[in-house]
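Shown below: work.cif, with mmCIF, C-alpha atoms.
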```cif
data_run
#
loop_
_atom_site.label_atom_id
_atom_site.label_comp_id
_atom_site.auth_asym_id
_atom_site.auth_seq_id
_atom_site.Cartn_x
_atom_site.Cartn_y
_atom_site.Cartn_z
CA MET A 1 11.37 -41.67 3.61
CA THR A 2 14.34 -43.44 5.28
CA ARG A 3 12.27 -44.03 8.40
CA ILE A 4 9.33 -45.45 6.37
CA LYS A 5 11.64 -47.80 4.44
CA ARG A 6 13.17 -48.99 7.71
CA ILE A 7 9.73 -49.67 9.20
CA PHE A 8 8.48 -51.60 6.22
CA SER A 9 11.76 -53.53 6.02
CA VAL A 10 11.20 -54.64 9.59
CA LEU A 11 7.63 -55.61 8.73
CA ILE A 12 8.65 -57.59 5.64
CA ILE A 13 11.41 -59.42 7.53
CA ALA A 14 8.97 -60.29 10.28
CA LEU A 15 6.41 -61.61 7.79
CA LEU A 16 9.04 -63.62 5.91
CA THR A 17 10.21 -65.07 9.18
CA THR A 18 6.64 -66.16 9.96
CA ILE A 19 6.28 -67.72 6.52
CA GLN A 20 9.56 -69.54 6.89
CA LEU A 21 8.51 -70.87 10.29
CA VAL A 22 5.24 -72.15 8.90
CA ALA A 23 6.97 -73.85 5.98
CA VAL A 24 9.52 -75.73 8.13
CA PRO A 25 8.57 -79.43 8.28
CA VAL A 26 8.24 -81.02 11.69
CA CYS A 27 10.63 -84.01 12.01
CA ALA A 28 10.22 -84.81 15.64
CA THR A 29 10.68 -88.35 16.89
CA THR A 30 9.38 -87.92 20.42
CA SER A 31 6.75 -85.84 22.19
CA SER A 32 9.46 -83.95 23.98
CA ASP A 33 10.96 -82.94 20.66
CA LEU A 34 7.52 -81.87 19.45
CA LYS A 35 6.93 -79.80 22.58
CA LYS A 36 10.33 -78.24 22.25
CA GLN A 37 9.72 -77.32 18.61
CA LYS A 38 6.29 -75.92 19.54
CA GLU A 39 7.78 -73.82 22.28
CA GLU A 40 10.44 -72.50 19.92
CA LEU A 41 7.77 -71.73 17.31
CA GLU A 42 5.59 -69.91 19.85
CA ASN A 43 8.60 -67.89 20.98
CA LYS A 44 9.42 -66.90 17.38
CA LYS A 45 5.76 -66.12 16.74
CA SER A 46 5.69 -63.86 19.79
CA GLU A 47 8.82 -62.09 18.58
CA THR A 48 7.30 -61.67 15.12
CA GLN A 49 4.06 -60.30 16.62
CA ASP A 50 6.03 -57.80 18.69
CA ALA A 51 7.98 -56.68 15.62
CA TYR A 52 4.76 -56.34 13.61
CA ASP A 53 3.08 -54.34 16.36
CA SER A 54 6.12 -52.05 16.59
CA ALA A 55 6.15 -51.52 12.83
CA THR A 56 2.41 -50.78 12.83
CA ASP A 57 2.79 -48.27 15.66
CA ALA A 58 5.69 -46.61 13.85
CA ALA A 59 3.72 -46.47 10.60
CA GLN A 60 0.80 -44.85 12.41
CA GLU A 61 3.19 -42.34 13.98
CA ILE A 62 4.62 -41.52 10.53
CA ALA A 63 1.11 -41.12 9.15
CA ALA A 64 0.29 -38.69 11.93
CA GLU A 65 3.48 -36.73 11.26
CA GLN A 66 2.69 -36.67 7.55
CA SER A 67 -0.77 -35.34 8.28
CA GLU A 68 0.68 -32.59 10.46
CA LEU A 69 3.26 -31.82 7.80
CA GLY A 70 0.48 -31.58 5.22
CA GLU A 71 -1.28 -28.95 7.35
CA GLN A 72 1.94 -26.95 7.63
CA ILE A 73 2.40 -27.17 3.86
CA ASP A 74 -1.16 -25.92 3.32
CA VAL A 75 -0.46 -22.92 5.58
CA ALA A 76 2.79 -22.21 3.71
CA ASN A 77 0.93 -22.46 0.40
CA ASP A 78 -1.66 -19.93 1.54
CA GLN A 79 1.09 -17.57 2.71
CA LEU A 80 2.87 -17.86 -0.62
CA VAL A 81 -0.29 -17.16 -2.59
CA GLY A 82 -1.09 -14.10 -0.49
CA LEU A 83 2.46 -12.74 -0.57
CA LEU A 84 2.89 -13.26 -4.30
CA ALA A 85 -0.43 -11.54 -4.93
CA ASP A 86 0.57 -8.63 -2.68
CA ILE A 87 3.95 -8.25 -4.38
CA SER A 88 2.39 -8.36 -7.84
CA LEU A 89 -0.18 -5.73 -6.89
CA ILE A 90 2.46 -3.46 -5.37
CA GLU A 91 4.65 -3.81 -8.48
CA ASP A 92 1.67 -2.84 -10.65
CA GLU A 93 0.97 0.16 -8.40
CA ILE A 94 4.63 1.23 -8.61
CA GLU A 95 4.46 1.02 -12.40
CA THR A 96 1.26 3.08 -12.44
CA LYS A 97 2.70 5.67 -10.05
CA GLU A 98 5.88 5.95 -12.15
CA GLY A 99 3.68 6.68 -15.17
CA GLU A 100 1.82 9.37 -13.21
CA ILE A 101 5.15 10.89 -12.17
CA GLU A 102 6.28 11.01 -15.81
CA THR A 103 3.06 12.79 -16.78
CA THR A 104 3.33 15.28 -13.91
CA GLN A 105 7.03 15.82 -14.65
CA ALA A 106 6.22 16.62 -18.29
CA ALA A 107 3.53 19.10 -17.22
CA TYR A 108 5.93 20.68 -14.72
CA ASP A 109 8.70 20.97 -17.34
CA GLU A 110 6.29 22.53 -19.84
CA ALA A 111 5.07 25.09 -17.26
CA LYS A 112 8.66 25.89 -16.32
CA ALA A 113 9.60 26.38 -19.98
CA GLN A 114 6.62 28.69 -20.51
CA GLU A 115 7.62 30.66 -17.41
CA GLU A 116 11.18 31.10 -18.69
CA GLN A 117 9.92 32.12 -22.12
CA LEU A 118 7.53 34.73 -20.73
CA TYR A 119 10.23 36.04 -18.41
CA THR A 120 12.65 36.39 -21.33
CA GLU A 121 10.03 38.21 -23.41
CA MET A 122 9.28 40.64 -20.58
CA CYS A 123 12.99 41.32 -20.08
CA ALA A 124 13.40 41.99 -23.79
CA ARG A 125 10.39 44.32 -23.70
CA ILE A 126 11.85 46.35 -20.78
CA LYS A 127 15.24 46.50 -22.49
CA TYR A 128 13.64 47.74 -25.71
CA MET A 129 11.71 50.52 -23.92
CA TYR A 130 14.86 51.56 -22.06
CA GLU A 131 16.92 51.74 -25.23
CA LYS A 132 14.20 53.79 -26.92
CA GLY A 133 13.99 56.13 -23.95
CA GLU A 134 10.37 55.10 -23.28
CA THR A 135 10.82 54.06 -19.69
CA THR A 136 7.28 54.99 -18.57
CA TYR A 137 3.90 55.44 -20.16
CA VAL A 138 3.79 59.03 -18.82
CA GLU A 139 7.04 59.95 -20.56
CA ILE A 140 5.65 58.71 -23.85
CA LEU A 141 2.61 61.00 -23.50
CA MET A 142 4.68 63.97 -22.30
CA ASN A 143 6.78 63.80 -25.46
CA ALA A 144 3.75 64.43 -27.68
CA THR A 145 4.25 67.47 -30.01
CA SER A 146 0.58 68.11 -30.73
CA PHE A 147 -2.91 67.10 -29.77
CA SER A 148 -3.05 64.72 -32.70
CA ASP A 149 0.32 63.28 -31.69
CA PHE A 150 -0.92 63.03 -28.09
CA THR A 151 -4.03 61.10 -29.25
CA THR A 152 -1.86 58.75 -31.31
CA LYS A 153 0.57 58.19 -28.45
CA ALA A 154 -2.32 57.62 -26.00
CA GLU A 155 -3.64 54.82 -28.21
CA TYR A 156 -0.10 53.44 -28.43
CA VAL A 157 0.25 53.59 -24.62
CA LYS A 158 -3.05 51.77 -24.18
CA GLN A 159 -1.90 48.99 -26.49
CA LEU A 160 1.41 48.77 -24.65
CA TYR A 161 -0.37 48.65 -21.29
CA ASP A 162 -2.79 45.92 -22.44
CA TYR A 163 0.09 43.90 -23.85
CA ASP A 164 2.21 44.24 -20.70
CA ARG A 165 -0.75 43.41 -18.45
CA GLN A 166 -1.58 40.28 -20.49
CA GLN A 167 2.05 39.17 -20.41
CA LEU A 168 2.22 39.69 -16.66
CA GLU A 169 -1.02 37.81 -16.04
CA ALA A 170 0.20 34.94 -18.20
CA TYR A 171 3.49 34.90 -16.29
CA VAL A 172 1.73 34.80 -12.89
CA GLN A 173 -0.62 32.04 -14.06
CA VAL A 174 2.18 29.83 -15.38
CA GLN A 175 4.10 30.39 -12.13
CA GLN A 176 1.08 29.16 -10.16
CA GLU A 177 0.70 26.13 -12.43
CA LYS A 178 4.37 25.29 -12.00
CA ALA A 179 4.05 25.50 -8.21
CA ILE A 180 0.98 23.20 -8.23
CA TYR A 181 2.75 20.65 -10.43
CA LYS A 182 5.83 20.80 -8.20
CA VAL A 183 3.81 19.99 -5.05
CA GLN A 184 1.96 17.21 -6.89
CA LEU A 185 5.23 15.80 -8.19
CA GLU A 186 6.78 15.77 -4.70
CA GLU A 187 3.75 14.01 -3.21
CA GLU A 188 3.68 11.41 -5.99
CA LYS A 189 7.40 10.72 -5.53
CA ALA A 190 6.91 10.39 -1.77
CA GLU A 191 4.08 7.89 -2.27
CA LEU A 192 6.27 5.97 -4.71
CA GLU A 193 9.10 5.75 -2.18
CA THR A 194 6.69 4.52 0.52
CA THR A 195 5.24 1.92 -1.85
CA LYS A 196 8.75 0.71 -2.66
CA GLU A 197 9.43 0.33 1.09
CA GLU A 198 6.23 -1.70 1.38
CA LEU A 199 7.38 -3.85 -1.55
CA ALA A 200 10.76 -4.48 0.11
CA GLU A 201 9.00 -5.50 3.34
CA GLU A 202 6.68 -7.90 1.48
CA GLN A 203 9.62 -9.37 -0.47
CA ALA A 204 11.57 -9.92 2.77
CA LEU A 205 8.56 -11.67 4.29
CA LEU A 206 8.22 -13.77 1.13
CA GLN A 207 11.88 -14.79 1.32
CA GLU A 208 11.44 -15.81 4.96
CA THR A 209 8.36 -17.86 4.10
CA LEU A 210 10.16 -19.50 1.18
CA GLU A 211 13.01 -20.61 3.45
CA GLU A 212 10.50 -22.18 5.84
CA TYR A 213 8.73 -23.73 2.88
CA LYS A 214 11.92 -25.40 1.63
CA THR A 215 12.38 -27.18 4.95
CA LEU A 216 8.79 -28.45 4.94
CA TYR A 217 8.41 -29.76 1.42
CA ALA A 218 10.84 -31.47 -0.95
CA ASP A 219 8.95 -30.71 -4.16
CA TYR A 220 9.47 -26.97 -3.66
CA GLU A 221 9.61 -25.89 -7.30
CA THR A 222 6.35 -27.63 -8.22
CA GLN A 223 4.49 -26.16 -5.26
CA LEU A 224 5.93 -22.71 -5.94
CA ALA A 225 4.70 -22.88 -9.54
CA ASN A 226 1.26 -23.84 -8.27
CA ALA A 227 1.32 -20.98 -5.77
CA GLN A 228 2.30 -18.55 -8.53
CA ALA A 229 -0.56 -19.78 -10.71
CA GLN A 230 -2.98 -19.38 -7.80
CA ALA A 231 -1.54 -15.93 -7.09
CA ALA A 232 -2.07 -14.90 -10.72
CA ALA A 233 -5.70 -16.04 -10.59
CA TYR A 234 -6.17 -14.28 -7.23
CA LYS A 235 -4.63 -11.12 -8.58
CA GLU A 236 -6.94 -11.12 -11.63
CA GLN A 237 -9.96 -11.70 -9.40
CA LEU A 238 -8.95 -8.78 -7.16
CA LYS A 239 -8.51 -6.51 -10.16
CA ASN A 240 -11.97 -7.39 -11.46
CA GLN A 241 -13.50 -6.77 -8.04
CA THR A 242 -11.68 -3.47 -7.74
CA GLN A 243 -13.01 -2.37 -11.13
CA GLN A 244 -16.54 -3.24 -10.07
CA ILE A 245 -16.10 -1.36 -6.79
CA ALA A 246 -14.62 1.64 -8.56
CA SER A 247 -17.56 1.67 -11.00
CA LEU A 248 -20.08 1.61 -8.15
CA ASP A 249 -18.09 4.26 -6.28
CA SER A 250 -17.62 6.64 -9.24
CA GLU A 251 -20.76 8.70 -8.59
CA ILE A 252 -19.79 9.15 -4.92
CA LYS A 253 -16.28 10.23 -5.86
CA ALA A 254 -17.58 12.72 -8.42
CA LYS A 255 -19.93 14.24 -5.87
CA GLU A 256 -17.20 14.40 -3.25
CA ALA A 257 -14.89 16.04 -5.76
CA GLU A 258 -17.48 18.77 -6.29
CA GLU A 259 -17.87 19.22 -2.54
CA GLU A 260 -14.09 19.30 -2.10
CA ALA A 261 -13.74 21.96 -4.81
CA ALA A 262 -16.47 24.04 -3.17
CA ARG A 263 -14.79 23.65 0.22
CA LYS A 264 -11.43 24.75 -1.16
CA ALA A 265 -13.03 27.73 -2.88
CA ALA A 266 -14.68 28.70 0.39
CA GLU A 267 -11.37 28.33 2.23
CA GLU A 268 -9.57 30.46 -0.34
CA ALA A 269 -12.27 33.13 -0.06
CA ALA A 270 -12.01 33.04 3.73
CA LYS A 271 -8.21 33.31 3.56
CA LYS A 272 -8.45 36.22 1.16
CA ALA A 273 -10.97 38.02 3.38
CA ALA A 274 -8.81 37.39 6.44
CA GLN A 275 -5.75 38.69 4.59
CA GLU A 276 -7.57 41.82 3.50
CA ALA A 277 -8.80 42.39 7.05
CA SER A 278 -5.28 41.87 8.37
CA ASN A 279 -3.82 44.31 5.84
CA SER A 280 -6.41 46.95 6.65
CA SER A 281 -5.89 46.67 10.40
CA GLY A 282 -2.10 46.59 10.11
CA SER A 283 -1.91 43.98 12.84
CA GLY A 284 1.49 42.37 13.32
CA SER A 285 0.47 39.54 15.57
CA GLY A 286 2.37 36.29 15.21
CA SER A 287 1.11 32.93 14.00
CA SER A 288 -1.39 31.13 16.18
CA SER A 289 -0.40 27.70 14.97
CA SER A 290 0.97 25.27 17.47
CA SER A 291 3.08 22.18 17.23
CA ASN A 292 1.73 18.65 17.55
CA SER A 293 3.21 18.49 21.03
CA ASN A 294 0.91 21.30 22.19
CA LYS A 295 -2.19 19.94 20.51
CA THR A 296 -4.73 18.17 22.71
CA TYR A 297 -6.66 15.08 21.66
CA ALA A 298 -10.04 13.78 22.79
CA PRO A 299 -9.95 10.44 24.66
CA ALA A 300 -10.84 7.21 22.88
CA GLY A 301 -14.18 6.58 24.62
CA GLU A 302 -16.35 3.54 23.97
CA ALA A 303 -15.05 0.99 21.46
CA THR A 304 -17.48 1.56 18.58
CA GLY A 305 -16.73 1.90 14.88
CA ASP A 306 -17.79 5.55 14.78
CA ASN A 307 -15.68 6.41 17.83
CA ILE A 308 -12.64 4.64 16.35
CA ALA A 309 -13.02 6.56 13.08
CA ALA A 310 -13.49 9.89 14.88
CA TYR A 311 -10.53 9.26 17.18
CA ALA A 312 -8.25 8.39 14.21
CA CYS A 313 -9.16 11.64 12.41
CA GLN A 314 -7.68 13.73 15.24
CA PHE A 315 -4.16 12.80 14.14
CA VAL A 316 -4.42 13.98 10.53
CA GLY A 317 -1.38 16.12 9.75
CA ASN A 318 0.94 14.27 12.14
CA PRO A 319 4.12 12.74 10.63
CA TYR A 320 4.70 9.38 8.94
CA VAL A 321 7.67 7.41 10.34
CA PHE A 322 8.50 3.99 8.89
CA GLY A 323 8.30 1.40 11.70
CA GLY A 324 6.81 3.93 14.15
CA THR A 325 3.71 3.52 16.35
CA SER A 326 3.35 7.02 17.86
CA LEU A 327 0.18 8.81 16.75
CA THR A 328 1.78 12.18 17.56
CA ASP A 329 5.51 11.78 16.87
CA GLY A 330 5.22 9.45 13.87
CA CYS A 331 3.97 6.05 12.72
CA ASP A 332 3.63 3.96 9.57
CA CYS A 333 0.38 2.60 8.13
CA SER A 334 0.04 -0.50 10.32
CA GLY A 335 1.49 1.34 13.33
CA PHE A 336 -1.31 3.92 12.93
CA VAL A 337 -4.04 1.23 12.87
CA TYR A 338 -2.38 -0.64 15.75
CA SER A 339 -2.13 2.44 18.00
CA VAL A 340 -5.65 3.73 17.26
CA TYR A 341 -7.18 0.37 18.21
CA LYS A 342 -4.84 0.05 21.20
CA ALA A 343 -6.33 3.29 22.59
CA PHE A 344 -9.66 1.42 22.80
CA GLY A 345 -8.09 -1.61 24.51
CA ILE A 346 -8.17 -3.69 21.32
CA THR A 347 -5.04 -5.50 20.12
CA VAL A 348 -4.70 -5.95 16.35
CA PRO A 349 -1.74 -7.32 14.34
CA ARG A 350 1.21 -4.98 13.82
CA THR A 351 1.70 -5.64 10.07
CA SER A 352 -0.61 -5.12 7.10
CA TYR A 353 0.03 -8.70 5.98
CA ALA A 354 -1.17 -10.11 9.31
CA LEU A 355 -4.15 -7.71 9.32
CA ASN A 356 -5.24 -9.21 5.99
CA SER A 357 -6.51 -12.36 7.76
CA ALA A 358 -7.30 -11.02 11.26
CA GLY A 359 -10.68 -10.05 12.70
CA THR A 360 -13.81 -10.73 10.67
CA GLY A 361 -13.75 -10.31 6.90
CA VAL A 362 -16.55 -8.29 5.25
CA SER A 363 -17.12 -7.09 1.70
CA TYR A 364 -16.33 -3.52 0.71
CA GLU A 365 -20.03 -2.88 0.17
CA GLU A 366 -20.62 -3.86 3.83
CA ALA A 367 -17.74 -1.73 5.15
CA ARG A 368 -18.60 0.75 7.91
CA PRO A 369 -16.68 3.37 9.92
CA GLY A 370 -13.91 1.86 12.03
CA ASP A 371 -13.26 -1.12 9.75
CA VAL A 372 -9.71 -1.69 8.51
CA ILE A 373 -9.16 -1.50 4.73
CA VAL A 374 -6.18 -3.68 3.74
CA TYR A 375 -4.16 -3.26 0.54
CA ALA A 376 -1.05 -5.04 -0.70
CA GLY A 377 1.52 -3.93 1.90
CA HIS A 378 -0.67 -1.10 3.22
CA CYS A 379 -3.72 -0.50 5.46
CA ALA A 380 -6.12 2.30 6.48
CA ILE A 381 -9.14 3.02 8.72
CA TYR A 382 -12.46 3.39 6.92
CA LEU A 383 -14.53 6.54 7.62
CA GLY A 384 -17.60 5.76 5.52
CA ASN A 385 -18.79 7.18 2.17
CA GLY A 386 -15.73 5.83 0.40
CA ARG A 387 -13.24 7.82 2.52
CA ILE A 388 -10.29 6.62 4.62
CA VAL A 389 -7.70 8.03 7.02
CA HIS A 390 -4.20 6.54 6.91
CA ALA A 391 -0.48 7.13 7.45
CA SER A 392 0.27 7.65 3.76
CA SER A 393 3.93 8.58 3.28
CA ALA A 394 6.81 10.56 4.76
CA LYS A 395 5.86 13.48 2.49
CA THR A 396 2.14 13.70 3.32
CA GLY A 397 2.02 12.11 6.80
CA ILE A 398 -1.36 11.02 8.22
CA LYS A 399 -4.08 12.20 5.83
CA TYR A 400 -7.53 11.55 4.37
CA GLY A 401 -8.03 9.68 1.11
CA TYR A 402 -10.37 7.58 -1.03
CA ALA A 403 -10.75 3.88 -0.16
CA THR A 404 -10.46 2.71 -3.79
CA TYR A 405 -7.26 4.62 -4.62
CA ARG A 406 -5.49 1.24 -4.60
CA THR A 407 -6.58 -2.38 -5.04
CA ILE A 408 -8.32 -3.58 -1.86
CA THR A 409 -7.28 -7.07 -0.74
CA SER A 410 -9.71 -7.33 2.19
CA VAL A 411 -11.87 -5.42 4.69
CA ARG A 412 -11.48 -6.51 8.35
CA ARG A 413 -13.78 -5.77 11.30
CA PHE A 414 -12.66 -5.83 14.96
CA VAL A 415 -15.67 -4.27 16.75
#
```

As structure tokens, what does this structure read like?
Amino acid sequence: MTRIKRIFSVLIIALLTTIQLVAVPVCATTSSDLKKQKEELENKKSETQDAYDSATDAAQEIAAEQSELGEQIDVANDQLVGLLADISLIEDEIETKEGEIETTQAAYDEAKAQEEQLYTEMCARIKYMYEKGETTYVEILMNATSFSDFTTKAEYVKQLYDYDRQQLEAYVQVQQEKAIYKVQLEEEKAELETTKEELAEEQALLQETLEEYKTLYADYETQLANAQAQAAAYKEQLKNQTQQIASLDSEIKAKEAEEEAARKAAEEAAKKAAQEASNSSGSGSGSSSSSNSNKTYAPAGEATGDNIAAYACQFVGNPYVFGGTSLTDGCDCSGFVYSVYKAFGITVPRTSYALNSAGTGVSYEEARPGDVIVYAGHCAIYLGNGRIVHASSAKTGIKYGYATYRTITSVRRFV
């Protein structure tokens, strides 16, 4: 503003000078005086013209700088809207995950309490039998004094046996439930911690953008309020789209859940059969599992969506490391996407925020294997049929999942 005022001050002074020169009466007495006055007037006019031209050039330069500044402000506005939307979505997902953890924790506590109660009851039962001298079912029958007494005691033994068996089965079942809830609780907590790390990263990026924004635009508070309003509208739009996607995807998820249950049942049956065969043969051979360092991986091959998806699946089970890019030793979500594409000679952005606007955007309905699914502070590689593979958390590592498990911000295509 100081520079503009200075330019227009110069312009006004120049114009006033011209006006004053025009208004000065000519009081010459000779032609020489007239020529001299004319020459002086022409000189002043030339100076005024030069000053005007300079002011005009400066004004045009300021206009160009203002135009460039406006473009930078527009970019900063877009970044603010996207970051605020991402942060709001992540905060909502943290709140939802905390609710899930509370529910799982309650179920775990209830199973643990049932386990302790059943254990106490069984201990009391054993203590009672010991104090009564009825340490085994056989001893009870052997103490019969007659056939009638034997028949009575046999019925009593059967009832005791049924009761003890039911108590034991209930105890085993509640132990299994507790173990399942414990694993689920640990995974949910691990995902929560990863989501909080993503939130911290997005907030740091937001703070950096805000600092840049302050240097670009004086009316910072007004523009920030506008960006927040746009972010709120964007967030609501994303939620509505996610609900529509989830509704369309519900039948696929239900079918896949059935298939997953059948697969797990088949795996359990296979494990049981293998265990029985191992027990019968008495083999003491060691484990055949190998570490990730000994595992071999197929090369990347041609850069097609199907090949990218297939190549990414090879690393399921490998560790999650925040900030890492190694597909074998550990990587985070964007490091996983970056390294998978790098294997095909394709360079993609290193952060999920940058991925959100890179490549070619497509709708979720148009998504195909190899596309990148971007969430608020997270990203994954799409496998088709609503499934993804991604570096999830430090607890679960690289794993499979459903594409709509979180709100999708965009789908990007690079091949």

With 4 Å on each side, where is the centre of the axis-aligned box around all listed atoms of range 180-188 of chain A, and how long are its edges in Å to one decimal, as AutoDock Vina command-line options?
```
--center_x 3.9 --center_y 17.3 --center_z -6.8 --size_x 13.8 --size_y 19.8 --size_z 15.2
```

Apply the PyMOL selection byres ((chain A and resi 305-307) around 9) to the file shown and report the selected residues as a PyMOL selection string.
chain A and resi 300-304+308-312+368-371+383+413-415

Tell me which residues come within 9 Å of (0.7, 11.5, 17.1), as number ranges by chain, counting all atoms listed in the file in the file's coordinates.
A: 292-293, 314-319, 325-331, 336

To one decimal place, how far is CA of Ile408 in chain A from CA of Ser339 in chain A in Å?
21.7 Å

Result set of the PyMOL selection byres ((chain A and resi 187-194) around 9) on the coordinates above, as a PyMOL selection string:
chain A and resi 93-94+97-98+100-101+104+182-186+195-199+322+392-396

Identify which of the residues A:Glu40, A:Glu236, A:Glu116, A:Glu365 lies closest to Val172 in chain A, counting all atoms listed in the file when measuring atom-to-atom distances.
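Nearest candidate to Val172 in chain A out of A:Glu40, A:Glu236, A:Glu116, A:Glu365: A:Glu116.
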
For the structure shown, which residues end up in the PyMOL selection byres ((chain A and resi 86) around 12)? Put them as a PyMOL selection string, please?
chain A and resi 79-85+87-93+195+198-203+205-206+228+231-232+234-236+238-239+352-353+356+374-378+406-410

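One finds CA of Thr152 in chain A at 28.5 Å from CA of Thr120 in chain A.
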
Could you state the separation of CA of Pro299 in chain A and CA of Ala343 in chain A in Å, given to one decimal place?
8.3 Å
